[in-house]
file data_39.csv (CSV, N, CA and C atoms)
chain,number,residue,atom,x,y,z
A,1,MET,N,-14.6,-18.8,6.8
A,1,MET,CA,-14.8,-17.4,7.0
A,1,MET,C,-16.1,-17.0,6.3
A,2,PRO,N,-17.1,-16.6,7.0
A,2,PRO,CA,-18.4,-16.3,6.3
A,2,PRO,C,-18.2,-15.0,5.5
A,3,SER,N,-19.1,-14.8,4.6
A,3,SER,CA,-19.2,-13.6,3.7
A,3,SER,C,-19.4,-12.4,4.6
A,4,VAL,N,-18.8,-11.3,4.2
A,4,VAL,CA,-18.9,-10.0,5.0
A,4,VAL,C,-20.2,-9.3,4.6
A,5,GLY,N,-21.0,-9.7,3.7
A,5,GLY,CA,-22.2,-9.1,3.3
A,5,GLY,C,-22.0,-8.2,2.1
A,6,ARG,N,-23.1,-7.8,1.5
A,6,ARG,CA,-23.0,-7.0,0.2
A,6,ARG,C,-22.5,-5.6,0.4
A,7,GLY,N,-22.6,-5.0,1.5
A,7,GLY,CA,-22.1,-3.7,1.8
A,7,GLY,C,-20.6,-3.6,1.5
A,8,HIS,N,-19.9,-4.6,1.7
A,8,HIS,CA,-18.4,-4.7,1.5
A,8,HIS,C,-18.1,-4.4,0.0
A,9,PHE,N,-19.0,-4.8,-0.9
A,9,PHE,CA,-18.8,-4.7,-2.3
A,9,PHE,C,-19.3,-3.4,-3.0
A,10,GLU,N,-19.9,-2.5,-2.2
A,10,GLU,CA,-20.4,-1.3,-2.8
A,10,GLU,C,-19.3,-0.2,-2.9
A,11,THR,N,-18.2,-0.3,-2.2
A,11,THR,CA,-17.2,0.7,-2.4
A,11,THR,C,-15.9,-0.1,-2.6
A,12,TYR,N,-15.0,0.5,-3.3
A,12,TYR,CA,-13.7,-0.1,-3.6
A,12,TYR,C,-12.7,0.2,-2.4
A,13,THR,N,-12.4,-0.7,-1.6
A,13,THR,CA,-11.6,-0.5,-0.4
A,13,THR,C,-10.2,-0.7,-0.6
A,14,ALA,N,-9.4,-0.4,0.4
A,14,ALA,CA,-7.9,-0.7,0.4
A,14,ALA,C,-7.7,-2.2,0.2
A,15,GLN,N,-8.5,-3.0,0.9
A,15,GLN,CA,-8.3,-4.4,0.9
A,15,GLN,C,-8.6,-4.9,-0.6
A,16,ASN,N,-9.6,-4.3,-1.3
A,16,ASN,CA,-9.8,-4.7,-2.6
A,16,ASN,C,-8.6,-4.4,-3.5
A,17,GLY,N,-8.0,-3.2,-3.3
A,17,GLY,CA,-6.9,-2.7,-4.0
A,17,GLY,C,-5.7,-3.6,-3.8
A,18,VAL,N,-5.5,-4.1,-2.6
A,18,VAL,CA,-4.3,-5.0,-2.3
A,18,VAL,C,-4.5,-6.3,-3.0
A,19,LYS,N,-5.7,-6.9,-3.0
A,19,LYS,CA,-6.0,-8.2,-3.6
A,19,LYS,C,-5.8,-8.0,-5.1
A,20,HIS,N,-6.2,-6.9,-5.7
A,20,HIS,CA,-6.1,-6.7,-7.1
A,20,HIS,C,-4.6,-6.5,-7.5
A,21,ALA,N,-3.9,-5.8,-6.6
A,21,ALA,CA,-2.5,-5.6,-6.9
A,21,ALA,C,-1.7,-6.9,-6.9
A,22,ILE,N,-2.1,-7.8,-5.9
A,22,ILE,CA,-1.5,-9.1,-5.9
A,22,ILE,C,-1.7,-9.9,-7.2
A,23,LEU,N,-3.0,-9.8,-7.6
A,23,LEU,CA,-3.3,-10.5,-8.9
A,23,LEU,C,-2.5,-9.9,-10.1
A,24,SER,N,-2.6,-8.6,-10.2
A,24,SER,CA,-1.9,-7.9,-11.4
A,24,SER,C,-0.4,-8.0,-11.4
A,25,LYS,N,0.2,-8.0,-10.2
A,25,LYS,CA,1.6,-8.0,-10.1
A,25,LYS,C,2.2,-9.5,-9.9
A,26,TYR,N,1.7,-10.1,-8.8
A,26,TYR,CA,2.3,-11.4,-8.4
A,26,TYR,C,1.7,-12.5,-9.3
A,27,PHE,N,0.4,-12.6,-9.4
A,27,PHE,CA,-0.2,-13.7,-10.2
A,27,PHE,C,0.3,-13.7,-11.6
A,28,ALA,N,0.4,-12.5,-12.2
A,28,ALA,CA,0.9,-12.4,-13.6
A,28,ALA,C,2.3,-13.0,-13.7
A,29,ARG,N,3.1,-12.7,-12.7
A,29,ARG,CA,4.5,-13.3,-12.7
A,29,ARG,C,4.5,-14.7,-12.4
A,30,TYR,N,3.6,-15.1,-11.5
A,30,TYR,CA,3.5,-16.5,-11.1
A,30,TYR,C,3.2,-17.4,-12.4
A,31,LEU,N,2.2,-16.9,-13.2
A,31,LEU,CA,1.9,-17.6,-14.4
A,31,LEU,C,3.1,-17.7,-15.3
A,32,GLN,N,3.8,-16.6,-15.5
A,32,GLN,CA,5.0,-16.6,-16.3
A,32,GLN,C,6.1,-17.5,-15.8
A,33,ALA,N,6.4,-17.4,-14.5
A,33,ALA,CA,7.4,-18.2,-13.9
A,33,ALA,C,7.2,-19.7,-14.0
A,34,LEU,N,5.9,-20.1,-13.9
A,34,LEU,CA,5.6,-21.5,-13.9
A,34,LEU,C,5.2,-22.1,-15.2
A,35,SER,N,5.2,-21.3,-16.2
A,35,SER,CA,4.7,-21.7,-17.6
A,35,SER,C,5.7,-22.7,-18.2
A,36,GLY,N,6.9,-22.8,-17.7
A,36,GLY,CA,7.9,-23.7,-18.2
A,36,GLY,C,7.7,-25.1,-17.6
A,37,THR,N,7.2,-25.2,-16.4
A,37,THR,CA,7.1,-26.5,-15.8
A,37,THR,C,5.6,-27.0,-15.5
A,38,ALA,N,4.7,-26.1,-15.4
A,38,ALA,CA,3.3,-26.5,-15.2
A,38,ALA,C,2.7,-26.9,-16.5
A,39,GLU,N,1.9,-28.0,-16.4
A,39,GLU,CA,1.1,-28.4,-17.6
A,39,GLU,C,-0.2,-27.7,-17.8
A,40,ALA,N,-0.7,-27.2,-16.6
A,40,ALA,CA,-1.9,-26.4,-16.6
A,40,ALA,C,-2.0,-25.5,-15.4
A,41,PHE,N,-2.9,-24.6,-15.4
A,41,PHE,CA,-3.1,-23.7,-14.2
A,41,PHE,C,-4.5,-23.8,-13.7
A,42,HIS,N,-4.6,-23.6,-12.4
A,42,HIS,CA,-6.0,-23.6,-11.8
A,42,HIS,C,-6.0,-22.4,-10.8
A,43,TYR,N,-7.0,-21.5,-10.9
A,43,TYR,CA,-7.1,-20.4,-10.0
A,43,TYR,C,-8.4,-20.7,-9.2
A,44,ILE,N,-8.2,-20.5,-7.9
A,44,ILE,CA,-9.3,-20.6,-6.9
A,44,ILE,C,-9.5,-19.3,-6.2
A,45,ASP,N,-10.7,-18.9,-6.1
A,45,ASP,CA,-11.1,-17.7,-5.3
A,45,ASP,C,-12.2,-18.2,-4.3
A,46,ALA,N,-11.8,-18.3,-3.1
A,46,ALA,CA,-12.7,-18.9,-2.1
A,46,ALA,C,-13.8,-17.9,-1.6
A,47,PHE,N,-13.6,-16.6,-1.8
A,47,PHE,CA,-14.6,-15.6,-1.4
A,47,PHE,C,-14.6,-14.6,-2.5
A,48,ALA,N,-15.2,-15.0,-3.6
A,48,ALA,CA,-15.1,-14.3,-4.9
A,48,ALA,C,-15.9,-13.0,-5.0
A,49,GLY,N,-16.9,-12.9,-4.1
A,49,GLY,CA,-17.8,-11.7,-4.2
A,49,GLY,C,-18.6,-11.7,-5.4
A,50,PRO,N,-19.1,-10.5,-5.8
A,50,PRO,CA,-20.1,-10.4,-6.9
A,50,PRO,C,-19.4,-10.3,-8.3
A,51,GLY,N,-18.0,-10.3,-8.3
A,51,GLY,CA,-17.3,-10.2,-9.6
A,51,GLY,C,-16.9,-8.8,-10.0
A,52,THR,N,-17.6,-7.8,-9.4
A,52,THR,CA,-17.2,-6.4,-9.6
A,52,THR,C,-17.3,-5.7,-8.2
A,53,TYR,N,-16.6,-4.6,-8.1
A,53,TYR,CA,-16.7,-3.7,-7.0
A,53,TYR,C,-17.0,-2.3,-7.5
A,54,ALA,N,-18.2,-1.8,-7.1
A,54,ALA,CA,-18.7,-0.5,-7.7
A,54,ALA,C,-18.5,-0.6,-9.2
A,55,SER,N,-17.7,0.2,-9.7
A,55,SER,CA,-17.5,0.2,-11.2
A,55,SER,C,-16.2,-0.5,-11.6
A,56,ASN,N,-15.5,-1.1,-10.6
A,56,ASN,CA,-14.2,-1.8,-10.9
A,56,ASN,C,-14.4,-3.3,-11.1
A,57,PRO,N,-13.6,-3.9,-11.9
A,57,PRO,CA,-13.7,-5.3,-12.0
A,57,PRO,C,-13.2,-6.0,-10.7
A,58,GLY,N,-13.7,-7.1,-10.4
A,58,GLY,CA,-13.3,-7.8,-9.2
A,58,GLY,C,-12.3,-8.8,-9.5
A,59,SER,N,-11.8,-9.5,-8.4
A,59,SER,CA,-10.7,-10.5,-8.6
A,59,SER,C,-11.1,-11.6,-9.6
A,60,PRO,N,-12.3,-12.1,-9.7
A,60,PRO,CA,-12.6,-13.1,-10.7
A,60,PRO,C,-12.3,-12.6,-12.1
A,61,LEU,N,-12.6,-11.4,-12.4
A,61,LEU,CA,-12.4,-10.9,-13.8
A,61,LEU,C,-10.9,-10.6,-14.0
A,62,TYR,N,-10.2,-10.1,-13.0
A,62,TYR,CA,-8.7,-10.0,-13.1
A,62,TYR,C,-8.1,-11.3,-13.4
A,63,ALA,N,-8.4,-12.3,-12.6
A,63,ALA,CA,-7.8,-13.6,-12.8
A,63,ALA,C,-8.1,-14.2,-14.1
A,64,LEU,N,-9.4,-14.2,-14.6
A,64,LEU,CA,-9.7,-14.7,-15.9
A,64,LEU,C,-9.0,-14.0,-17.0
A,65,ASP,N,-8.8,-12.7,-16.9
A,65,ASP,CA,-8.1,-12.0,-17.9
A,65,ASP,C,-6.7,-12.4,-18.0
A,66,LEU,N,-6.0,-12.5,-16.8
A,66,LEU,CA,-4.6,-13.0,-16.8
A,66,LEU,C,-4.4,-14.4,-17.3
A,67,LEU,N,-5.3,-15.3,-16.9
A,67,LEU,CA,-5.3,-16.7,-17.4
A,67,LEU,C,-5.5,-16.7,-18.9
A,68,SER,N,-6.3,-15.9,-19.4
A,68,SER,CA,-6.6,-16.0,-20.9
A,68,SER,C,-5.5,-15.4,-21.7
A,69,ARG,N,-4.6,-14.7,-21.1
A,69,ARG,CA,-3.4,-14.1,-21.8
A,69,ARG,C,-2.2,-15.1,-21.9
A,70,GLN,N,-2.3,-16.2,-21.2
A,70,GLN,CA,-1.2,-17.1,-21.3
A,70,GLN,C,-1.6,-18.3,-22.1
A,71,ALA,N,-0.7,-19.2,-22.5
A,71,ALA,CA,-1.0,-20.2,-23.5
A,71,ALA,C,-1.3,-21.6,-22.8
A,72,LYS,N,-1.0,-21.8,-21.6
A,72,LYS,CA,-1.3,-23.1,-21.0
A,72,LYS,C,-2.8,-23.3,-20.7
A,73,PRO,N,-3.2,-24.6,-20.7
A,73,PRO,CA,-4.6,-24.9,-20.3
A,73,PRO,C,-4.9,-24.4,-18.9
A,74,TYR,N,-6.1,-23.9,-18.7
A,74,TYR,CA,-6.4,-23.4,-17.3
A,74,TYR,C,-7.9,-23.6,-17.0
A,75,ALA,N,-8.1,-23.6,-15.7
A,75,ALA,CA,-9.4,-23.7,-15.1
A,75,ALA,C,-9.5,-22.7,-14.0
A,76,ALA,N,-10.7,-22.3,-13.6
A,76,ALA,CA,-10.9,-21.4,-12.5
A,76,ALA,C,-12.1,-21.9,-11.7
A,77,SER,N,-12.0,-21.7,-10.4
A,77,SER,CA,-13.1,-22.1,-9.4
A,77,SER,C,-13.4,-20.9,-8.6
A,78,PHE,N,-14.7,-20.5,-8.5
A,78,PHE,CA,-15.1,-19.4,-7.7
A,78,PHE,C,-16.2,-19.8,-6.7
A,79,VAL,N,-16.0,-19.4,-5.4
A,79,VAL,CA,-17.0,-19.7,-4.4
A,79,VAL,C,-17.4,-18.4,-3.7
A,80,GLU,N,-18.7,-18.3,-3.5
A,80,GLU,CA,-19.3,-17.1,-2.8
A,80,GLU,C,-20.5,-17.6,-2.0
A,81,SER,N,-20.5,-17.3,-0.7
A,81,SER,CA,-21.5,-17.8,0.2
A,81,SER,C,-22.8,-16.9,0.2
A,82,ASP,N,-22.6,-15.6,-0.1
A,82,ASP,CA,-23.8,-14.7,-0.1
A,82,ASP,C,-24.6,-14.9,-1.4
A,83,ALA,N,-25.9,-15.2,-1.3
A,83,ALA,CA,-26.7,-15.6,-2.4
A,83,ALA,C,-26.8,-14.4,-3.4
A,84,ALA,N,-27.0,-13.2,-3.0
A,84,ALA,CA,-27.1,-12.1,-3.9
A,84,ALA,C,-25.8,-11.8,-4.6
A,85,SER,N,-24.7,-11.9,-3.9
A,85,SER,CA,-23.4,-11.7,-4.5
A,85,SER,C,-23.1,-12.8,-5.5
A,86,TYR,N,-23.5,-14.0,-5.1
A,86,TYR,CA,-23.3,-15.1,-6.0
A,86,TYR,C,-24.1,-14.9,-7.4
A,87,ALA,N,-25.3,-14.5,-7.3
A,87,ALA,CA,-26.1,-14.2,-8.5
A,87,ALA,C,-25.4,-13.2,-9.4
A,88,ASP,N,-24.8,-12.2,-8.8
A,88,ASP,CA,-24.0,-11.2,-9.6
A,88,ASP,C,-22.8,-11.8,-10.2
A,89,LEU,N,-22.1,-12.6,-9.3
A,89,LEU,CA,-20.8,-13.3,-9.8
A,89,LEU,C,-21.1,-14.2,-10.9
A,90,GLU,N,-22.1,-15.0,-10.8
A,90,GLU,CA,-22.4,-15.9,-11.9
A,90,GLU,C,-22.7,-15.2,-13.2
A,91,SER,N,-23.4,-14.1,-13.2
A,91,SER,CA,-23.7,-13.3,-14.4
A,91,SER,C,-22.4,-12.7,-15.0
A,92,VAL,N,-21.6,-12.1,-14.1
A,92,VAL,CA,-20.4,-11.5,-14.6
A,92,VAL,C,-19.4,-12.5,-15.2
A,93,VAL,N,-19.2,-13.6,-14.5
A,93,VAL,CA,-18.2,-14.6,-14.9
A,93,VAL,C,-18.7,-15.3,-16.2
A,94,ARG,N,-20.0,-15.6,-16.3
A,94,ARG,CA,-20.5,-16.2,-17.5
A,94,ARG,C,-20.4,-15.3,-18.7
A,95,ALA,N,-20.4,-14.0,-18.5
A,95,ALA,CA,-20.3,-13.0,-19.6
A,95,ALA,C,-18.9,-12.8,-20.0
A,96,ALA,N,-17.9,-13.2,-19.2
A,96,ALA,CA,-16.5,-12.9,-19.5
A,96,ALA,C,-16.1,-13.8,-20.7
A,97,PRO,N,-15.3,-13.2,-21.6
A,97,PRO,CA,-14.9,-14.0,-22.7
A,97,PRO,C,-13.9,-15.2,-22.3
A,98,ALA,N,-14.1,-16.3,-22.9
A,98,ALA,CA,-13.2,-17.5,-22.7
A,98,ALA,C,-11.9,-17.3,-23.4
A,99,GLY,N,-10.9,-17.7,-22.8
A,99,GLY,CA,-9.6,-17.7,-23.4
A,99,GLY,C,-9.4,-19.0,-24.2
A,100,ARG,N,-8.5,-18.9,-25.2
A,100,ARG,CA,-8.3,-20.1,-26.1
A,100,ARG,C,-7.9,-21.3,-25.4
A,101,ALA,N,-7.2,-21.2,-24.2
A,101,ALA,CA,-6.7,-22.4,-23.5
A,101,ALA,C,-7.6,-22.8,-22.3
A,102,GLN,N,-8.8,-22.1,-22.2
A,102,GLN,CA,-9.7,-22.5,-21.1
A,102,GLN,C,-10.2,-23.9,-21.2
A,103,LEU,N,-10.0,-24.7,-20.2
A,103,LEU,CA,-10.4,-26.1,-20.3
A,103,LEU,C,-11.9,-26.3,-20.2
A,104,GLU,N,-12.6,-25.5,-19.5
A,104,GLU,CA,-14.1,-25.6,-19.3
A,104,GLU,C,-14.6,-24.3,-18.7
A,105,GLN,N,-15.9,-24.2,-18.7
A,105,GLN,CA,-16.5,-23.0,-18.1
A,105,GLN,C,-16.0,-22.9,-16.7
A,106,PRO,N,-15.8,-21.7,-16.2
A,106,PRO,CA,-15.4,-21.5,-14.8
A,106,PRO,C,-16.4,-22.2,-13.8
A,107,TRP,N,-15.9,-22.8,-12.8
A,107,TRP,CA,-16.8,-23.6,-11.8
A,107,TRP,C,-17.2,-22.5,-10.8
A,108,LEU,N,-18.5,-22.5,-10.5
A,108,LEU,CA,-19.0,-21.5,-9.6
A,108,LEU,C,-19.9,-22.3,-8.5
A,109,ARG,N,-19.8,-21.8,-7.3
A,109,ARG,CA,-20.6,-22.4,-6.2
A,109,ARG,C,-21.1,-21.4,-5.3
A,110,ASN,N,-22.4,-21.4,-4.9
A,110,ASN,CA,-22.9,-20.6,-3.9
A,110,ASN,C,-22.9,-21.4,-2.6
A,111,ALA,N,-21.8,-21.3,-1.8
A,111,ALA,CA,-21.6,-22.2,-0.7
A,111,ALA,C,-20.5,-21.6,0.2
A,112,GLU,N,-20.2,-22.2,1.3
A,112,GLU,CA,-19.0,-21.9,2.1
A,112,GLU,C,-17.9,-22.6,1.5
A,113,PHE,N,-16.7,-22.0,1.4
A,113,PHE,CA,-15.6,-22.6,0.8
A,113,PHE,C,-15.2,-23.9,1.4
A,114,SER,N,-15.3,-24.0,2.7
A,114,SER,CA,-14.9,-25.2,3.4
A,114,SER,C,-15.7,-26.4,3.0
A,115,ASP,N,-16.9,-26.2,2.5
A,115,ASP,CA,-17.8,-27.3,2.0
A,115,ASP,C,-17.5,-27.7,0.5
A,116,CYS,N,-16.6,-27.0,-0.1
A,116,CYS,CA,-16.3,-27.2,-1.6
A,116,CYS,C,-14.9,-27.7,-1.9
A,117,VAL,N,-14.1,-27.8,-0.9
A,117,VAL,CA,-12.7,-28.1,-1.2
A,117,VAL,C,-12.5,-29.5,-1.9
A,118,ASP,N,-13.2,-30.5,-1.5
A,118,ASP,CA,-13.1,-31.8,-2.1
A,118,ASP,C,-13.5,-31.7,-3.6
A,119,GLU,N,-14.6,-31.0,-3.8
A,119,GLU,CA,-15.2,-30.9,-5.2
A,119,GLU,C,-14.2,-30.1,-6.1
A,120,ILE,N,-13.6,-29.1,-5.5
A,120,ILE,CA,-12.6,-28.3,-6.3
A,120,ILE,C,-11.4,-29.1,-6.6
A,121,LEU,N,-10.9,-29.9,-5.7
A,121,LEU,CA,-9.8,-30.7,-6.0
A,121,LEU,C,-10.1,-31.9,-6.8
A,122,ALA,N,-11.3,-32.2,-7.1
A,122,ALA,CA,-11.7,-33.2,-8.1
A,122,ALA,C,-12.0,-32.7,-9.5
A,123,ARG,N,-11.7,-31.4,-9.7
A,123,ARG,CA,-11.9,-30.8,-11.0
A,123,ARG,C,-11.2,-31.6,-12.1
A,124,PRO,N,-11.7,-31.6,-13.3
A,124,PRO,CA,-11.0,-32.3,-14.4
A,124,PRO,C,-9.6,-32.0,-14.7
A,125,ALA,N,-9.2,-30.7,-14.4
A,125,ALA,CA,-7.8,-30.4,-14.7
A,125,ALA,C,-6.8,-31.2,-13.8
A,126,PHE,N,-7.2,-31.6,-12.6
A,126,PHE,CA,-6.4,-32.4,-11.8
A,126,PHE,C,-6.3,-33.8,-12.2
A,127,ARG,N,-7.3,-34.3,-12.9
A,127,ARG,CA,-7.3,-35.7,-13.4
A,127,ARG,C,-6.6,-35.7,-14.8
A,128,ARG,N,-6.7,-34.7,-15.5
A,128,ARG,CA,-6.2,-34.7,-16.9
A,128,ARG,C,-4.7,-34.3,-16.9
A,129,TYR,N,-4.2,-33.5,-16.0
A,129,TYR,CA,-2.8,-33.1,-16.0
A,129,TYR,C,-2.1,-33.5,-14.7
A,130,ARG,N,-0.9,-33.8,-14.8
A,130,ARG,CA,-0.1,-34.2,-13.7
A,130,ARG,C,0.4,-33.0,-12.9
A,131,ALA,N,0.9,-32.0,-13.6
A,131,ALA,CA,1.4,-30.8,-12.9
A,131,ALA,C,0.5,-29.6,-13.1
A,132,VAL,N,-0.4,-29.4,-12.2
A,132,VAL,CA,-1.3,-28.3,-12.3
A,132,VAL,C,-0.9,-27.3,-11.2
A,133,ALA,N,-0.4,-26.1,-11.7
A,133,ALA,CA,0.0,-25.1,-10.7
A,133,ALA,C,-1.3,-24.4,-10.3
A,134,THR,N,-1.5,-24.4,-9.0
A,134,THR,CA,-2.8,-23.9,-8.4
A,134,THR,C,-2.5,-22.7,-7.5
A,135,PHE,N,-3.2,-21.6,-7.8
A,135,PHE,CA,-3.1,-20.4,-7.1
A,135,PHE,C,-4.4,-20.2,-6.4
A,136,ALA,N,-4.4,-20.1,-5.1
A,136,ALA,CA,-5.7,-20.0,-4.3
A,136,ALA,C,-5.7,-18.7,-3.5
A,137,PHE,N,-6.8,-18.0,-3.6
A,137,PHE,CA,-7.0,-16.8,-2.7
A,137,PHE,C,-8.0,-17.3,-1.7
A,138,VAL,N,-7.6,-17.5,-0.5
A,138,VAL,CA,-8.5,-17.9,0.6
A,138,VAL,C,-8.5,-16.7,1.6
A,139,ASP,N,-9.0,-15.6,1.2
A,139,ASP,CA,-8.9,-14.4,2.0
A,139,ASP,C,-10.2,-14.2,2.8

call {"tool": "encode", "arguments": {"input": "data_39.csv", "output": "structure tokens"}}
result
Amino acid sequence: MPSVGRGHFETYTAQNGVKHAILSKYFARYLQALSGTAEAFHYIDAFAGPGTYASNPGSPLYALDLLSRQAKPYAASFVESDAASYADLESVVRAAPAGRAQLEQPWLRNAEFSDCVDEILARPAFRRYRAVATFAFVD
């Protein structure tokens, strides 16, 4: 699914609200529910956008915040095909504080998600841990 363009990120839409509600309600509980069996967590955002929407944090920041609040090792992968949005995303994600259990810097790519799947699944978390609970937003 190609990027919808930068105009999509200038206003906070109902779609943004739904994605963020899923993260704040479902993803938080997902982390909690699987913390007893997962050895590590991996969050994937296939269409990450610029990292913020108007003055609101975007899904990458929501996810990194939730991941940093739990104790298991974690990794995050963010893909954005729009070059300008990617530049913003990279800046926002690199400035986000790392959690104590973060395995490595978040992985970022300016590409189409379909071109990155093999590389994402080859991330060190999958080689290092047997049971990696992976949550992917492919919206």

call {"tool": "atom_distance", "arguments": {"input": "data_39.csv", "atom1": "atom CA of Ser91 of chain A", "atom2": "atom CA of Ala76 of chain A"}}
result
15.3 Å

call {"tool": "residues_around", "arguments": {"input": "data_39.csv", "residues": "segment 120-130 of chain A", "least_positions_apart": "6", "cutoff": "7 Å", "atoms": "only C-alpha atoms", "output": "JSON, numbers by chain"}}
result
{"A": [39, 40, 75, 77]}

call {"tool": "closest_residue", "arguments": {"input": "data_39.csv", "among": "A:Thr134, A:Ser24, A:Gln15, A:Gln102", "to": "Ser68 of chain A", "atoms": "all atoms listed in the file"}}
result
A:Gln102

call {"tool": "atom_distance", "arguments": {"input": "data_39.csv", "atom1": "atom C of Pro57 of chain A", "atom2": "atom CA of Gln105 of chain A"}}
result
18.8 Å

call {"tool": "atom_distance", "arguments": {"input": "data_39.csv", "atom1": "atom CA of Glu119 of chain A", "atom2": "atom C of Ser35 of chain A"}}
result
25.9 Å

call {"tool": "residues_near_point", "arguments": {"input": "data_39.csv", "point": "(-9.5, -17.4, -10.3)", "cutoff": "8 Å", "atoms": "only C-alpha atoms", "output": "list of chain:residue names"}}
result
A:His42, A:Tyr43, A:Ile44, A:Asp45, A:Ser59, A:Pro60, A:Leu61, A:Tyr62, A:Ala63, A:Leu64, A:Ala75, A:Ala76, A:Ser77, A:Phe78, A:Phe135, A:Ala136

call {"tool": "closest_residue", "arguments": {"input": "data_39.csv", "among": "A:Thr37, A:Tyr26, A:Ser114, A:Arg100", "to": "Arg69 of chain A", "atoms": "all atoms listed in the file"}}
result
A:Arg100

call {"tool": "select_by_dssp", "arguments": {"input": "data_39.csv", "residues": "chain A", "states": "alpha helix (DSSP H)", "output": "PyMOL selection string"}}
result
chain A and resi 14-21+28-34+59-68+83-95+117-121+124-128

call {"tool": "closest_residue", "arguments": {"input": "data_39.csv", "among": "A:Arg109, A:Lys19, A:Arg29, A:Arg94", "to": "Leu67 of chain A", "atoms": "only C-alpha atoms"}}
result
A:Arg29

call {"tool": "closest_atom_pairs", "arguments": {"input": "data_39.csv", "of": "segment 9-55 of chain A", "to": "segment 81-88 of chain A", "cutoff": "6 Å", "atoms": "all atoms listed in the file", "output": "CSV"}}
result
residue,atom,partner,partner_atom,distance
A:Gly49,C,A:Ser85,C,4.6
A:Pro50,CA,A:Ser85,C,4.1
A:Gly51,N,A:Asp88,C,5.4

call {"tool": "closest_residue", "arguments": {"input": "data_39.csv", "among": "A:Ile22, A:Leu103, A:Ala54, A:Val92", "to": "Lys72 of chain A", "atoms": "only C-alpha atoms"}}
result
A:Leu103

call {"tool": "closest_residue", "arguments": {"input": "data_39.csv", "among": "A:Tyr53, A:Phe137, A:Phe27, A:Tyr74", "to": "Pro106 of chain A", "atoms": "only C-alpha atoms"}}
result
A:Tyr74

call {"tool": "residues_around", "arguments": {"input": "data_39.csv", "residues": "Ala46 of chain A", "least_positions_apart": "3", "cutoff": "6 Å", "atoms": "all atoms listed in the file", "output": "list in words"}}
result
Phe78, Val79, Glu80, Phe113, Phe137, Val138 and Asp139 of chain A
